[in-house]
Structure formats: structure tokens, C-alpha cells
Amino acid sequence: MSRLIAFAAALTLAACATAGPPPLSQPTEADWRTPDPQNVLVIDTNKGRVFVELTPKVAPNHVQRVRELAREGVYDGRTFFRVIDRFMAQTGDPKDTGDGGTSKPNLKAEFTWRRAADSSFVPVAAPAGLEEGFVGSLPVIGQAMSWSTMTQDGKVSAWGTYCPGVVGMARDDDPDSANSQFFIMRQPYPSLDKRYTAFGRAISGLDVVRAIKTGEPVPAPQDLMERVTVLADWPEATRPKVRVIDPHGPWFKAQIARVRAAKGADFSVCDIDIPAEIK
């Protein structure tokens, strides 16, 4: 009998170990935040619509450039000329070849930024002296804040990390050569961290990005961005209502705990999805 009990207990433990994490309750109104419409890029493609939340805190000059080009219509009709499965989709070249740019000056790299203790960073993990977390919807990695006691400005270095949906600025071999081209991650690729400026993340439409035709270069006919706009420029009566889960809220904290328990030692910030609602 004792062997049967022990065997049953072992089965129960095994079932618990392999079962998925328990479902979460629905977010409350307090768990949502409304992004600044100045920081929401609406990309209408022939495959569907993508909403990107820009993060000026981490890359102010790149965000300003992308807003300018969208408002000038530079991105309208631009093809996805280089798309690699399990990697990224690249676009934004006026020549649609990967060799072009605009007449605007190239941008200085913003690979890293200085994070202060009050920078609205929400930590989710602390691997090997680093901290992983979120600034808004952007996944971020940086030095642990404890290092700030040894820096002149009382801040630490941080950078956007290339999880699915993260948007980065393309460049050539010169770190300060970004101009207009950008890419959207289809899958995680952390080797791009601190080598390309991350300036936002797709909060809706990652399925659209993953449906874009692949190729290097993409064979004709290529998928394209039909129109790119800044949400703030839409008439309020027709403006989509966008809201995103607030990483400071209790629902998100429960989601972190749930995913960490399921992933164990393999957990990373890229395992966390931030739900968005578009109406």
C-alpha cells in the first residue's frame, strides 16, 4: 500500500511539474495605460496593420526622425525588401533596395542610455549583475542600479533588447550611419543588443510582421507599408483607441510570476508579452 501511495504521489508531482502555469484573472481598468498618441506609429501594410509604441526615453533622436519621416510621407509605399524568417523584416528605404536613405543627416548611435533610479523601469529579472525589465512596452537590459553609487551621474547604462516585436534602426558599418531604414523583429535576436539602436516595439500586429514575405532580397512582388502615420495626427473621431497593460500594475506582476514559474532557469525578459487592446 505504501508503495502505491508513493507512486501516486510521484505521479501527482510529475503532473504539477509538467502542467502549464495557472490562468490569470482578467486585467482591471487600473491595469491598463494609454500610450501618448505622439508615440504610437500606425503602419498599414498590405498584410494588415501594425501598431508600434515609440520609446523616446531610450532613443530620443531616432524617435524624432521616425516621426518626421512618417509625417513627410517618406515611409508610404516602402517595401519590405529584406525579410529573414526567425529574424526580422527590414523596410524604410526610399530606394527599396537597402542602399538608400533620405537627404537628412545620419543619426548618432543611441545604442545605450543612462538609466536613473526614477526612470520608470520595471524589473523582472536580475541575471549576473544585470537587470532585465521594461520601460513602457520596450524590453530593456542594463547594469544593476547598485552600480550607480560608483558613477559620476548616479545612473547606469541600459539598452533595449531585441525581443520579438522590437523595432531597431538599420545602419551600415559606421555606427553613426542610421538614416531612415528600420527593422521589426520576428523572433528574439539578442546579439543585436548595443549594436543597433532600439527605439520602440510593436504592441499589436506581430502576426502581420511574421506574415510578410521572406527573402534576402525578397523576390517580387514584395510586401509593403502602404501608409505610415503618427496616431496623434489622426482626427480624434476616427482615431483608434489604444491601451496597453501597465508594467507597474498588479496584473503584470502576477504575469511575471506566472511565466517565471513556468520557464524556471530559462526565463528571460523576452518571455513576457504585454497585452494591448485596439478599438
# chains A, B, ... in the order shown; residues from 1 in each chain; ligands from 1
$ residues_around --residues "Val52 in chain A" --least-positions-apart "6" --cutoff "7 Å" --atoms "only C-alpha atoms" --output "list in words"
Val40, Leu41, Val42, Gly200, Arg201, Ala202 and Ile203 of chain A
$ residues_around --residues "range 219-232 of chain A" --least-positions-apart "5" --cutoff "6 Å" --atoms "only C-alpha atoms" --output "count of residues only"
14
$ residues_around --residues "Glu132 in chain A" --least-positions-apart "6" --cutoff "9 Å" --atoms "only C-alpha atoms" --output "list in words"
Val122, Pro123, Val124, Ala125, Ala126, Pro139, Val140, Ile141, Gly142, Gln143, Ala144, Ser268 and Val269 of chain A
$ atom_distance --atom1 "CA of Ala117 in chain A" --atom2 "CA of Lys155 in chain A"
7.2 Å
$ residues_around --residues "range 162-165 of chain A" --least-positions-apart "2" --cutoff "7 Å" --atoms "only C-alpha atoms" --output "ChimeraX atom specification"
/A:160,167,184-190,192-193,201-202,206,270
$ write_last_selection --atoms "N, CA and C atoms" --output "PDB file, in the first residue's frame"
ATOM      1  N   GLY A 160      17.883  48.783 -25.042  1.00  0.00           N
ATOM      2  CA  GLY A 160      16.767  47.961 -25.494  1.00  0.00           C
ATOM      3  C   GLY A 160      17.293  46.625 -25.983  1.00  0.00           C
ATOM      4  N   VAL A 167      11.638  47.217 -32.466  1.00  0.00           N
ATOM      5  CA  VAL A 167      11.950  47.922 -33.699  1.00  0.00           C
ATOM      6  C   VAL A 167      13.306  48.605 -33.536  1.00  0.00           C
ATOM      7  N   ILE A 184      11.816  45.319 -37.926  1.00  0.00           N
ATOM      8  CA  ILE A 184      10.947  44.834 -36.855  1.00  0.00           C
ATOM      9  C   ILE A 184      11.282  43.364 -36.629  1.00  0.00           C
ATOM     10  N   MET A 185      11.534  43.023 -35.369  1.00  0.00           N
ATOM     11  CA  MET A 185      11.954  41.659 -35.060  1.00  0.00           C
ATOM     12  C   MET A 185      10.788  40.672 -35.180  1.00  0.00           C
ATOM     13  N   ARG A 186      11.025  39.586 -35.884  1.00  0.00           N
ATOM     14  CA  ARG A 186      10.060  38.493 -35.960  1.00  0.00           C
ATOM     15  C   ARG A 186      10.260  37.510 -34.815  1.00  0.00           C
ATOM     16  N   GLN A 187      11.511  37.392 -34.357  1.00  0.00           N
ATOM     17  CA  GLN A 187      11.878  36.487 -33.268  1.00  0.00           C
ATOM     18  C   GLN A 187      12.978  37.167 -32.440  1.00  0.00           C
ATOM     19  N   PRO A 188      13.298  36.641 -31.262  1.00  0.00           N
ATOM     20  CA  PRO A 188      14.359  37.256 -30.461  1.00  0.00           C
ATOM     21  C   PRO A 188      15.729  37.081 -31.113  1.00  0.00           C
ATOM     22  N   TYR A 189      16.587  38.096 -30.955  1.00  0.00           N
ATOM     23  CA  TYR A 189      17.935  38.032 -31.510  1.00  0.00           C
ATOM     24  C   TYR A 189      18.837  38.936 -30.683  1.00  0.00           C
ATOM     25  N   PRO A 190      19.206  38.497 -29.477  1.00  0.00           N
ATOM     26  CA  PRO A 190      19.923  39.381 -28.553  1.00  0.00           C
ATOM     27  C   PRO A 190      21.315  39.782 -29.006  1.00  0.00           C
ATOM     28  N   LEU A 192      21.998  41.456 -31.412  1.00  0.00           N
ATOM     29  CA  LEU A 192      21.906  42.829 -31.931  1.00  0.00           C
ATOM     30  C   LEU A 192      22.000  43.880 -30.824  1.00  0.00           C
ATOM     31  N   ASP A 193      21.880  43.462 -29.578  1.00  0.00           N
ATOM     32  CA  ASP A 193      21.882  44.410 -28.460  1.00  0.00           C
ATOM     33  C   ASP A 193      23.161  45.240 -28.458  1.00  0.00           C
ATOM     34  N   ARG A 201       8.579  49.237 -29.946  1.00  0.00           N
ATOM     35  CA  ARG A 201       8.146  47.844 -30.051  1.00  0.00           C
ATOM     36  C   ARG A 201       6.733  47.776 -30.626  1.00  0.00           C
ATOM     37  N   ALA A 202       6.506  46.778 -31.464  1.00  0.00           N
ATOM     38  CA  ALA A 202       5.162  46.519 -31.971  1.00  0.00           C
ATOM     39  C   ALA A 202       4.303  45.986 -30.830  1.00  0.00           C
ATOM     40  N   LEU A 206       2.157  41.766 -34.462  1.00  0.00           N
ATOM     41  CA  LEU A 206       3.330  40.916 -34.675  1.00  0.00           C
ATOM     42  C   LEU A 206       3.003  39.780 -35.639  1.00  0.00           C
ATOM     43  N   CYS A 270      12.351  38.338 -22.680  1.00  0.00           N
ATOM     44  CA  CYS A 270      11.676  38.094 -23.951  1.00  0.00           C
ATOM     45  C   CYS A 270      10.511  37.114 -23.827  1.00  0.00           C
TER      46      CYS A 270
END
$ atom_distance --atom1 "CA of Lys47 in chain A" --atom2 "CA of Thr197 in chain A"
25.9 Å
$ closest_atom_pairs --of "range 9-120 of chain A" --to "range 172-176 of chain A" --cutoff "6 Å" --atoms "only C-alpha atoms" --output "JSON lines"
{"residue": "A:Leu107", "atom": "CA", "partner": "A:Asp176", "partner_atom": "CA", "distance": 5.6}
{"residue": "A:Lys108", "atom": "CA", "partner": "A:Asp176", "partner_atom": "CA", "distance": 4.5}
{"residue": "A:Ala109", "atom": "CA", "partner": "A:Asp176", "partner_atom": "CA", "distance": 5.0}
$ residues_around --residues "Ser120 in chain A" --least-positions-apart "5" --cutoff "12 Å" --atoms "only C-alpha atoms" --output "ChimeraX atom specification"
/A:55,57-58,115,133-138,140,246-248
$ select_by_dssp --residues "range 42-192 of chain A" --states "strand (DSSP E or B)" --output "PyMOL selection string"
chain A and resi 42-45+48-54+78-79+82-84+88-91+107+113-115+121-125+130-135+138-143+156-160+166-169+178+182-185
$ select_by_dssp --residues "range 44-257 of chain A" --states "helix (DSSP H, G or I)" --output "PyMOL selection string"
chain A and resi 60-71+145-150+190-192+206-211+231-233+250-257
$ write_last_selection --atoms "N, CA and C atoms" --output "short mmCIF file (atom, residue, chain, number, x, y, z; two decimals), in the first residue's frame"
data_model
loop_
_atom_site.label_atom_id
_atom_site.label_comp_id
_atom_site.auth_asym_id
_atom_site.auth_seq_id
_atom_site.Cartn_x
_atom_site.Cartn_y
_atom_site.Cartn_z
N PRO A 60 15.83 59.24 -28.09
CA PRO A 60 15.03 60.41 -28.48
C PRO A 60 15.25 60.88 -29.92
N ASN A 61 16.48 60.84 -30.40
CA ASN A 61 16.74 61.35 -31.75
C ASN A 61 16.20 60.42 -32.82
N HIS A 62 16.26 59.12 -32.57
CA HIS A 62 15.71 58.17 -33.53
C HIS A 62 14.19 58.25 -33.58
N VAL A 63 13.57 58.40 -32.43
CA VAL A 63 12.11 58.55 -32.39
C VAL A 63 11.70 59.81 -33.14
N GLN A 64 12.40 60.89 -32.91
CA GLN A 64 12.07 62.14 -33.61
C GLN A 64 12.21 61.97 -35.12
N ARG A 65 13.26 61.30 -35.57
CA ARG A 65 13.47 61.08 -37.01
C ARG A 65 12.33 60.25 -37.61
N VAL A 66 11.96 59.18 -36.94
CA VAL A 66 10.91 58.31 -37.48
C VAL A 66 9.58 59.06 -37.56
N ARG A 67 9.28 59.85 -36.54
CA ARG A 67 8.06 60.67 -36.58
C ARG A 67 8.10 61.62 -37.79
N GLU A 68 9.23 62.30 -37.98
CA GLU A 68 9.37 63.26 -39.08
C GLU A 68 9.14 62.57 -40.43
N LEU A 69 9.78 61.43 -40.63
CA LEU A 69 9.67 60.74 -41.92
C LEU A 69 8.25 60.23 -42.15
N ALA A 70 7.61 59.77 -41.09
CA ALA A 70 6.22 59.32 -41.24
C ALA A 70 5.33 60.50 -41.64
N ARG A 71 5.53 61.64 -40.99
CA ARG A 71 4.70 62.82 -41.29
C ARG A 71 4.98 63.41 -42.66
N MET A 145 21.19 48.67 -10.68
CA MET A 145 21.17 50.03 -10.15
C MET A 145 22.18 50.20 -9.02
N SER A 146 22.60 49.13 -8.39
CA SER A 146 23.59 49.24 -7.32
C SER A 146 24.91 49.82 -7.84
N TRP A 147 25.17 49.70 -9.14
CA TRP A 147 26.38 50.28 -9.72
C TRP A 147 26.34 51.80 -9.75
N SER A 148 25.16 52.37 -9.58
CA SER A 148 25.03 53.83 -9.68
C SER A 148 25.83 54.57 -8.61
N THR A 149 26.12 53.91 -7.51
CA THR A 149 26.89 54.55 -6.45
C THR A 149 28.34 54.79 -6.87
N MET A 150 28.76 54.17 -7.97
CA MET A 150 30.14 54.33 -8.43
C MET A 150 30.25 55.13 -9.72
N PRO A 190 19.21 38.50 -29.48
CA PRO A 190 19.92 39.38 -28.55
C PRO A 190 21.31 39.78 -29.01
N SER A 191 21.88 39.13 -30.03
CA SER A 191 23.21 39.54 -30.48
C SER A 191 23.19 40.92 -31.13
N LEU A 192 22.00 41.46 -31.41
CA LEU A 192 21.91 42.83 -31.93
C LEU A 192 22.00 43.88 -30.82
N LEU A 206 2.16 41.77 -34.46
CA LEU A 206 3.33 40.92 -34.67
C LEU A 206 3.00 39.78 -35.64
N ASP A 207 1.76 39.32 -35.63
CA ASP A 207 1.35 38.29 -36.58
C ASP A 207 1.45 38.80 -38.01
N VAL A 208 1.18 40.09 -38.19
CA VAL A 208 1.31 40.71 -39.51
C VAL A 208 2.78 40.70 -39.94
N VAL A 209 3.66 41.11 -39.04
CA VAL A 209 5.09 41.14 -39.34
C VAL A 209 5.58 39.76 -39.73
N ARG A 210 5.11 38.74 -39.03
CA ARG A 210 5.55 37.37 -39.31
C ARG A 210 4.93 36.80 -40.58
N ALA A 211 3.91 37.48 -41.11
CA ALA A 211 3.28 37.02 -42.36
C ALA A 211 3.91 37.65 -43.59
N LEU A 231 -0.22 58.36 -34.61
CA LEU A 231 -1.60 58.30 -34.13
C LEU A 231 -2.13 59.67 -33.73
N ALA A 232 -1.28 60.52 -33.19
CA ALA A 232 -1.72 61.86 -32.76
C ALA A 232 -2.24 62.69 -33.92
N ASP A 233 -1.85 62.35 -35.15
CA ASP A 233 -2.26 63.14 -36.32
C ASP A 233 -3.61 62.71 -36.87
N PRO A 250 -0.61 45.47 -10.85
CA PRO A 250 -0.61 44.15 -10.21
C PRO A 250 -0.82 43.00 -11.18
N TRP A 251 -1.61 43.19 -12.24
CA TRP A 251 -1.83 42.11 -13.19
C TRP A 251 -0.51 41.72 -13.84
N PHE A 252 0.28 42.71 -14.22
CA PHE A 252 1.55 42.43 -14.88
C PHE A 252 2.52 41.73 -13.93
N LYS A 253 2.53 42.14 -12.68
CA LYS A 253 3.39 41.47 -11.70
C LYS A 253 3.01 40.00 -11.55
N ALA A 254 1.72 39.73 -11.56
CA ALA A 254 1.27 38.34 -11.48
C ALA A 254 1.66 37.57 -12.74
N GLN A 255 1.61 38.24 -13.88
CA GLN A 255 2.02 37.60 -15.13
C GLN A 255 3.51 37.25 -15.10
N ILE A 256 4.32 38.14 -14.57
CA ILE A 256 5.76 37.86 -14.45
C ILE A 256 5.98 36.62 -13.59
N ALA A 257 5.33 36.58 -12.43
CA ALA A 257 5.49 35.43 -11.53
C ALA A 257 5.04 34.15 -12.20
#
$ residues_around --residues "Gln90 in chain A" --least-positions-apart "3" --cutoff "10 Å" --atoms "only C-alpha atoms" --output "list in words"
Thr79, Phe80, Phe81, Arg82, Val83, Ile84, Asp93, Asp96, Gly98, Val167, Gly168, Met169, Ala170, Gln181, Phe182, Phe183, Ile184 and Met185 of chain A
$ residues_around --residues "Lys279 in chain A" --least-positions-apart "2" --cutoff "8 Å" --atoms "only C-alpha atoms" --output "NGL selection string"
:A and (240-242 or 277)
$ write_last_selection --atoms "N, CA and C atoms" --output "JSON list (two decimals), in the first residue's frame"
[["chain", "number", "residue", "atom", "x", "y", "z"],
["A", 240, "PRO", "N", -8.05, 55.27, -33.65],
["A", 240, "PRO", "CA", -8.21, 54.02, -32.88],
["A", 240, "PRO", "C", -7.87, 54.26, -31.41],
["A", 241, "LYS", "N", -8.62, 53.60, -30.55],
["A", 241, "LYS", "CA", -8.37, 53.69, -29.10],
["A", 241, "LYS", "C", -7.37, 52.59, -28.72],
["A", 242, "VAL", "N", -6.23, 53.01, -28.24],
["A", 242, "VAL", "CA", -5.14, 52.08, -27.94],
["A", 242, "VAL", "C", -4.86, 52.10, -26.44],
["A", 277, "GLU", "N", -4.77, 46.44, -26.39],
["A", 277, "GLU", "CA", -6.16, 46.41, -26.84],
["A", 277, "GLU", "C", -6.37, 47.58, -27.79]]
$ closest_residue --among "A:Ser25, A:Thr214, A:Ser204, A:Ser180" --to "Gly92 in chain A" --atoms "only C-alpha atoms"
A:Ser180
$ atom_distance --atom1 "CA of Ala178 in chain A" --atom2 "CA of Pro105 in chain A"
9.0 Å
$ closest_residue --among "A:Gly48, A:Arg195, A:Asp266, A:Asp85" --to "Val218 in chain A" --atoms "only C-alpha atoms"
A:Asp85
$ decode --residues "range 49-198 of chain A" --atoms "C-alpha atoms" --output "PDB file, in the first residue's frame"
ATOM      1  CA  ARG A  49      -1.982  46.893 -39.507  1.00  0.00           C
ATOM      2  CA  VAL A  50       0.872  47.156 -37.017  1.00  0.00           C
ATOM      3  CA  PHE A  51       0.931  49.495 -34.014  1.00  0.00           C
ATOM      4  CA  VAL A  52       4.386  50.457 -32.732  1.00  0.00           C
ATOM      5  CA  GLU A  53       4.896  52.243 -29.430  1.00  0.00           C
ATOM      6  CA  LEU A  54       7.924  54.536 -29.695  1.00  0.00           C
ATOM      7  CA  THR A  55      10.135  54.987 -26.621  1.00  0.00           C
ATOM      8  CA  PRO A  56      11.795  58.416 -26.720  1.00  0.00           C
ATOM      9  CA  LYS A  57      13.319  57.908 -23.277  1.00  0.00           C
ATOM     10  CA  VAL A  58      15.809  55.407 -24.702  1.00  0.00           C
ATOM     11  CA  ALA A  59      16.440  56.868 -28.176  1.00  0.00           C
ATOM     12  CA  PRO A  60      15.031  60.410 -28.479  1.00  0.00           C
ATOM     13  CA  ASN A  61      16.739  61.350 -31.747  1.00  0.00           C
ATOM     14  CA  HIS A  62      15.711  58.172 -33.535  1.00  0.00           C
ATOM     15  CA  VAL A  63      12.114  58.550 -32.393  1.00  0.00           C
ATOM     16  CA  GLN A  64      12.075  62.141 -33.609  1.00  0.00           C
ATOM     17  CA  ARG A  65      13.467  61.084 -37.006  1.00  0.00           C
ATOM     18  CA  VAL A  66      10.910  58.310 -37.482  1.00  0.00           C
ATOM     19  CA  ARG A  67       8.063  60.667 -36.584  1.00  0.00           C
ATOM     20  CA  GLU A  68       9.371  63.260 -39.082  1.00  0.00           C
ATOM     21  CA  LEU A  69       9.669  60.745 -41.916  1.00  0.00           C
ATOM     22  CA  ALA A  70       6.217  59.324 -41.238  1.00  0.00           C
ATOM     23  CA  ARG A  71       4.697  62.823 -41.289  1.00  0.00           C
ATOM     24  CA  GLU A  72       6.522  63.660 -44.510  1.00  0.00           C
ATOM     25  CA  GLY A  73       5.161  60.527 -46.201  1.00  0.00           C
ATOM     26  CA  VAL A  74       8.614  59.046 -46.779  1.00  0.00           C
ATOM     27  CA  TYR A  75       7.540  55.634 -45.494  1.00  0.00           C
ATOM     28  CA  ASP A  76       4.366  55.400 -47.590  1.00  0.00           C
ATOM     29  CA  GLY A  77       4.717  52.700 -50.243  1.00  0.00           C
ATOM     30  CA  ARG A  78       8.082  51.446 -48.987  1.00  0.00           C
ATOM     31  CA  THR A  79       8.675  47.730 -49.464  1.00  0.00           C
ATOM     32  CA  PHE A  80       9.920  45.101 -47.044  1.00  0.00           C
ATOM     33  CA  PHE A  81      12.980  44.357 -49.166  1.00  0.00           C
ATOM     34  CA  ARG A  82      14.895  42.131 -46.712  1.00  0.00           C
ATOM     35  CA  VAL A  83      12.930  39.703 -44.547  1.00  0.00           C
ATOM     36  CA  ILE A  84      14.542  36.751 -42.801  1.00  0.00           C
ATOM     37  CA  ASP A  85      12.408  34.132 -41.107  1.00  0.00           C
ATOM     38  CA  ARG A  86      13.124  33.765 -37.375  1.00  0.00           C
ATOM     39  CA  PHE A  87      14.942  37.100 -37.512  1.00  0.00           C
ATOM     40  CA  MET A  88      13.477  40.379 -38.776  1.00  0.00           C
ATOM     41  CA  ALA A  89      11.697  42.375 -41.521  1.00  0.00           C
ATOM     42  CA  GLN A  90      13.538  45.431 -42.914  1.00  0.00           C
ATOM     43  CA  THR A  91      11.983  48.423 -44.663  1.00  0.00           C
ATOM     44  CA  GLY A  92      12.082  52.234 -44.794  1.00  0.00           C
ATOM     45  CA  ASP A  93      14.469  52.709 -47.733  1.00  0.00           C
ATOM     46  CA  PRO A  94      13.313  55.284 -50.330  1.00  0.00           C
ATOM     47  CA  LYS A  95      15.141  53.184 -52.954  1.00  0.00           C
ATOM     48  CA  ASP A  96      13.609  49.905 -51.690  1.00  0.00           C
ATOM     49  CA  THR A  97      16.977  48.206 -52.095  1.00  0.00           C
ATOM     50  CA  GLY A  98      18.774  48.615 -48.770  1.00  0.00           C
ATOM     51  CA  ASP A  99      21.247  51.083 -50.288  1.00  0.00           C
ATOM     52  CA  GLY A 100      19.273  54.284 -49.854  1.00  0.00           C
ATOM     53  CA  GLY A 101      18.328  56.925 -47.339  1.00  0.00           C
ATOM     54  CA  THR A 102      16.996  60.461 -47.182  1.00  0.00           C
ATOM     55  CA  SER A 103      18.725  63.830 -47.545  1.00  0.00           C
ATOM     56  CA  LYS A 104      18.572  64.245 -43.781  1.00  0.00           C
ATOM     57  CA  PRO A 105      21.868  63.832 -41.895  1.00  0.00           C
ATOM     58  CA  ASN A 106      22.671  60.425 -40.481  1.00  0.00           C
ATOM     59  CA  LEU A 107      21.948  59.852 -36.812  1.00  0.00           C
ATOM     60  CA  LYS A 108      24.397  59.394 -33.977  1.00  0.00           C
ATOM     61  CA  ALA A 109      24.035  55.957 -32.439  1.00  0.00           C
ATOM     62  CA  GLU A 110      21.823  55.655 -29.370  1.00  0.00           C
ATOM     63  CA  PHE A 111      22.748  52.071 -28.573  1.00  0.00           C
ATOM     64  CA  THR A 112      22.659  52.699 -24.821  1.00  0.00           C
ATOM     65  CA  TRP A 113      21.128  55.267 -22.486  1.00  0.00           C
ATOM     66  CA  ARG A 114      21.628  56.348 -18.897  1.00  0.00           C
ATOM     67  CA  ARG A 115      19.053  54.913 -16.522  1.00  0.00           C
ATOM     68  CA  ALA A 116      18.243  56.696 -13.278  1.00  0.00           C
ATOM     69  CA  ALA A 117      16.537  55.190 -10.255  1.00  0.00           C
ATOM     70  CA  ASP A 118      13.328  57.070 -11.170  1.00  0.00           C
ATOM     71  CA  SER A 119      13.329  56.128 -14.876  1.00  0.00           C
ATOM     72  CA  SER A 120      10.040  54.151 -14.761  1.00  0.00           C
ATOM     73  CA  PHE A 121      11.984  50.928 -15.300  1.00  0.00           C
ATOM     74  CA  VAL A 122      10.077  47.839 -14.104  1.00  0.00           C
ATOM     75  CA  PRO A 123      12.479  44.970 -13.271  1.00  0.00           C
ATOM     76  CA  VAL A 124      11.569  41.341 -13.970  1.00  0.00           C
ATOM     77  CA  ALA A 125      14.909  39.533 -13.502  1.00  0.00           C
ATOM     78  CA  ALA A 126      18.474  40.144 -12.298  1.00  0.00           C
ATOM     79  CA  PRO A 127      20.906  37.787 -14.064  1.00  0.00           C
ATOM     80  CA  ALA A 128      24.629  38.060 -13.275  1.00  0.00           C
ATOM     81  CA  GLY A 129      24.769  41.647 -12.066  1.00  0.00           C
ATOM     82  CA  LEU A 130      22.389  42.944 -14.723  1.00  0.00           C
ATOM     83  CA  GLU A 131      18.711  43.879 -14.541  1.00  0.00           C
ATOM     84  CA  GLU A 132      16.093  42.961 -17.127  1.00  0.00           C
ATOM     85  CA  GLY A 133      12.750  44.706 -17.312  1.00  0.00           C
ATOM     86  CA  PHE A 134      10.558  47.142 -19.177  1.00  0.00           C
ATOM     87  CA  VAL A 135      10.334  50.824 -19.937  1.00  0.00           C
ATOM     88  CA  GLY A 136       6.766  51.063 -21.138  1.00  0.00           C
ATOM     89  CA  SER A 137       6.424  48.228 -23.653  1.00  0.00           C
ATOM     90  CA  LEU A 138      10.124  48.098 -24.540  1.00  0.00           C
ATOM     91  CA  PRO A 139      12.169  45.253 -23.017  1.00  0.00           C
ATOM     92  CA  VAL A 140      15.368  46.644 -21.528  1.00  0.00           C
ATOM     93  CA  ILE A 141      18.577  45.229 -20.083  1.00  0.00           C
ATOM     94  CA  GLY A 142      21.074  47.235 -18.081  1.00  0.00           C
ATOM     95  CA  GLN A 143      23.566  47.364 -15.287  1.00  0.00           C
ATOM     96  CA  ALA A 144      22.160  46.765 -11.835  1.00  0.00           C
ATOM     97  CA  MET A 145      21.174  50.025 -10.148  1.00  0.00           C
ATOM     98  CA  SER A 146      23.593  49.239  -7.324  1.00  0.00           C
ATOM     99  CA  TRP A 147      26.383  50.278  -9.722  1.00  0.00           C
ATOM    100  CA  SER A 148      25.035  53.832  -9.685  1.00  0.00           C
ATOM    101  CA  THR A 149      26.892  54.553  -6.447  1.00  0.00           C
ATOM    102  CA  MET A 150      30.142  54.326  -8.434  1.00  0.00           C
ATOM    103  CA  THR A 151      29.164  56.537 -11.397  1.00  0.00           C
ATOM    104  CA  GLN A 152      29.563  60.308 -11.635  1.00  0.00           C
ATOM    105  CA  ASP A 153      25.975  60.913 -12.745  1.00  0.00           C
ATOM    106  CA  GLY A 154      24.395  58.426 -10.335  1.00  0.00           C
ATOM    107  CA  LYS A 155      22.994  56.457 -13.284  1.00  0.00           C
ATOM    108  CA  VAL A 156      23.752  53.160 -15.032  1.00  0.00           C
ATOM    109  CA  SER A 157      23.921  52.056 -18.663  1.00  0.00           C
ATOM    110  CA  ALA A 158      20.878  50.372 -20.192  1.00  0.00           C
ATOM    111  CA  TRP A 159      19.790  49.297 -23.651  1.00  0.00           C
ATOM    112  CA  GLY A 160      16.767  47.961 -25.494  1.00  0.00           C
ATOM    113  CA  THR A 161      16.999  44.230 -26.083  1.00  0.00           C
ATOM    114  CA  TYR A 162      15.867  42.602 -29.306  1.00  0.00           C
ATOM    115  CA  CYS A 163      12.850  40.539 -28.324  1.00  0.00           C
ATOM    116  CA  PRO A 164      10.036  39.795 -30.818  1.00  0.00           C
ATOM    117  CA  GLY A 165       8.346  42.990 -31.998  1.00  0.00           C
ATOM    118  CA  VAL A 166      11.209  45.308 -31.034  1.00  0.00           C
ATOM    119  CA  VAL A 167      11.950  47.922 -33.699  1.00  0.00           C
ATOM    120  CA  GLY A 168      15.521  48.936 -34.441  1.00  0.00           C
ATOM    121  CA  MET A 169      17.242  51.336 -36.823  1.00  0.00           C
ATOM    122  CA  ALA A 170      19.284  49.813 -39.613  1.00  0.00           C
ATOM    123  CA  ARG A 171      22.759  51.112 -40.446  1.00  0.00           C
ATOM    124  CA  ASP A 172      25.908  50.201 -42.367  1.00  0.00           C
ATOM    125  CA  ASP A 173      29.338  49.526 -40.865  1.00  0.00           C
ATOM    126  CA  ASP A 174      29.554  53.029 -39.399  1.00  0.00           C
ATOM    127  CA  PRO A 175      27.747  53.045 -36.016  1.00  0.00           C
ATOM    128  CA  ASP A 176      26.539  56.603 -36.754  1.00  0.00           C
ATOM    129  CA  SER A 177      25.026  55.858 -40.176  1.00  0.00           C
ATOM    130  CA  ALA A 178      21.339  55.235 -39.371  1.00  0.00           C
ATOM    131  CA  ASN A 179      19.063  57.392 -41.520  1.00  0.00           C
ATOM    132  CA  SER A 180      15.600  56.086 -42.450  1.00  0.00           C
ATOM    133  CA  GLN A 181      15.687  52.300 -42.684  1.00  0.00           C
ATOM    134  CA  PHE A 182      14.374  50.238 -39.786  1.00  0.00           C
ATOM    135  CA  PHE A 183      13.525  46.641 -38.975  1.00  0.00           C
ATOM    136  CA  ILE A 184      10.947  44.834 -36.855  1.00  0.00           C
ATOM    137  CA  MET A 185      11.954  41.659 -35.060  1.00  0.00           C
ATOM    138  CA  ARG A 186      10.060  38.493 -35.960  1.00  0.00           C
ATOM    139  CA  GLN A 187      11.878  36.487 -33.268  1.00  0.00           C
ATOM    140  CA  PRO A 188      14.359  37.256 -30.461  1.00  0.00           C
ATOM    141  CA  TYR A 189      17.935  38.032 -31.510  1.00  0.00           C
ATOM    142  CA  PRO A 190      19.923  39.381 -28.553  1.00  0.00           C
ATOM    143  CA  SER A 191      23.207  39.536 -30.480  1.00  0.00           C
ATOM    144  CA  LEU A 192      21.906  42.829 -31.931  1.00  0.00           C
ATOM    145  CA  ASP A 193      21.882  44.410 -28.460  1.00  0.00           C
ATOM    146  CA  LYS A 194      24.105  47.502 -28.158  1.00  0.00           C
ATOM    147  CA  ARG A 195      24.924  47.281 -31.880  1.00  0.00           C
ATOM    148  CA  TYR A 196      21.724  48.761 -33.330  1.00  0.00           C
ATOM    149  CA  THR A 197      19.514  51.437 -31.800  1.00  0.00           C
ATOM    150  CA  ALA A 198      16.240  50.026 -30.450  1.00  0.00           C
TER     151      ALA A 198
END
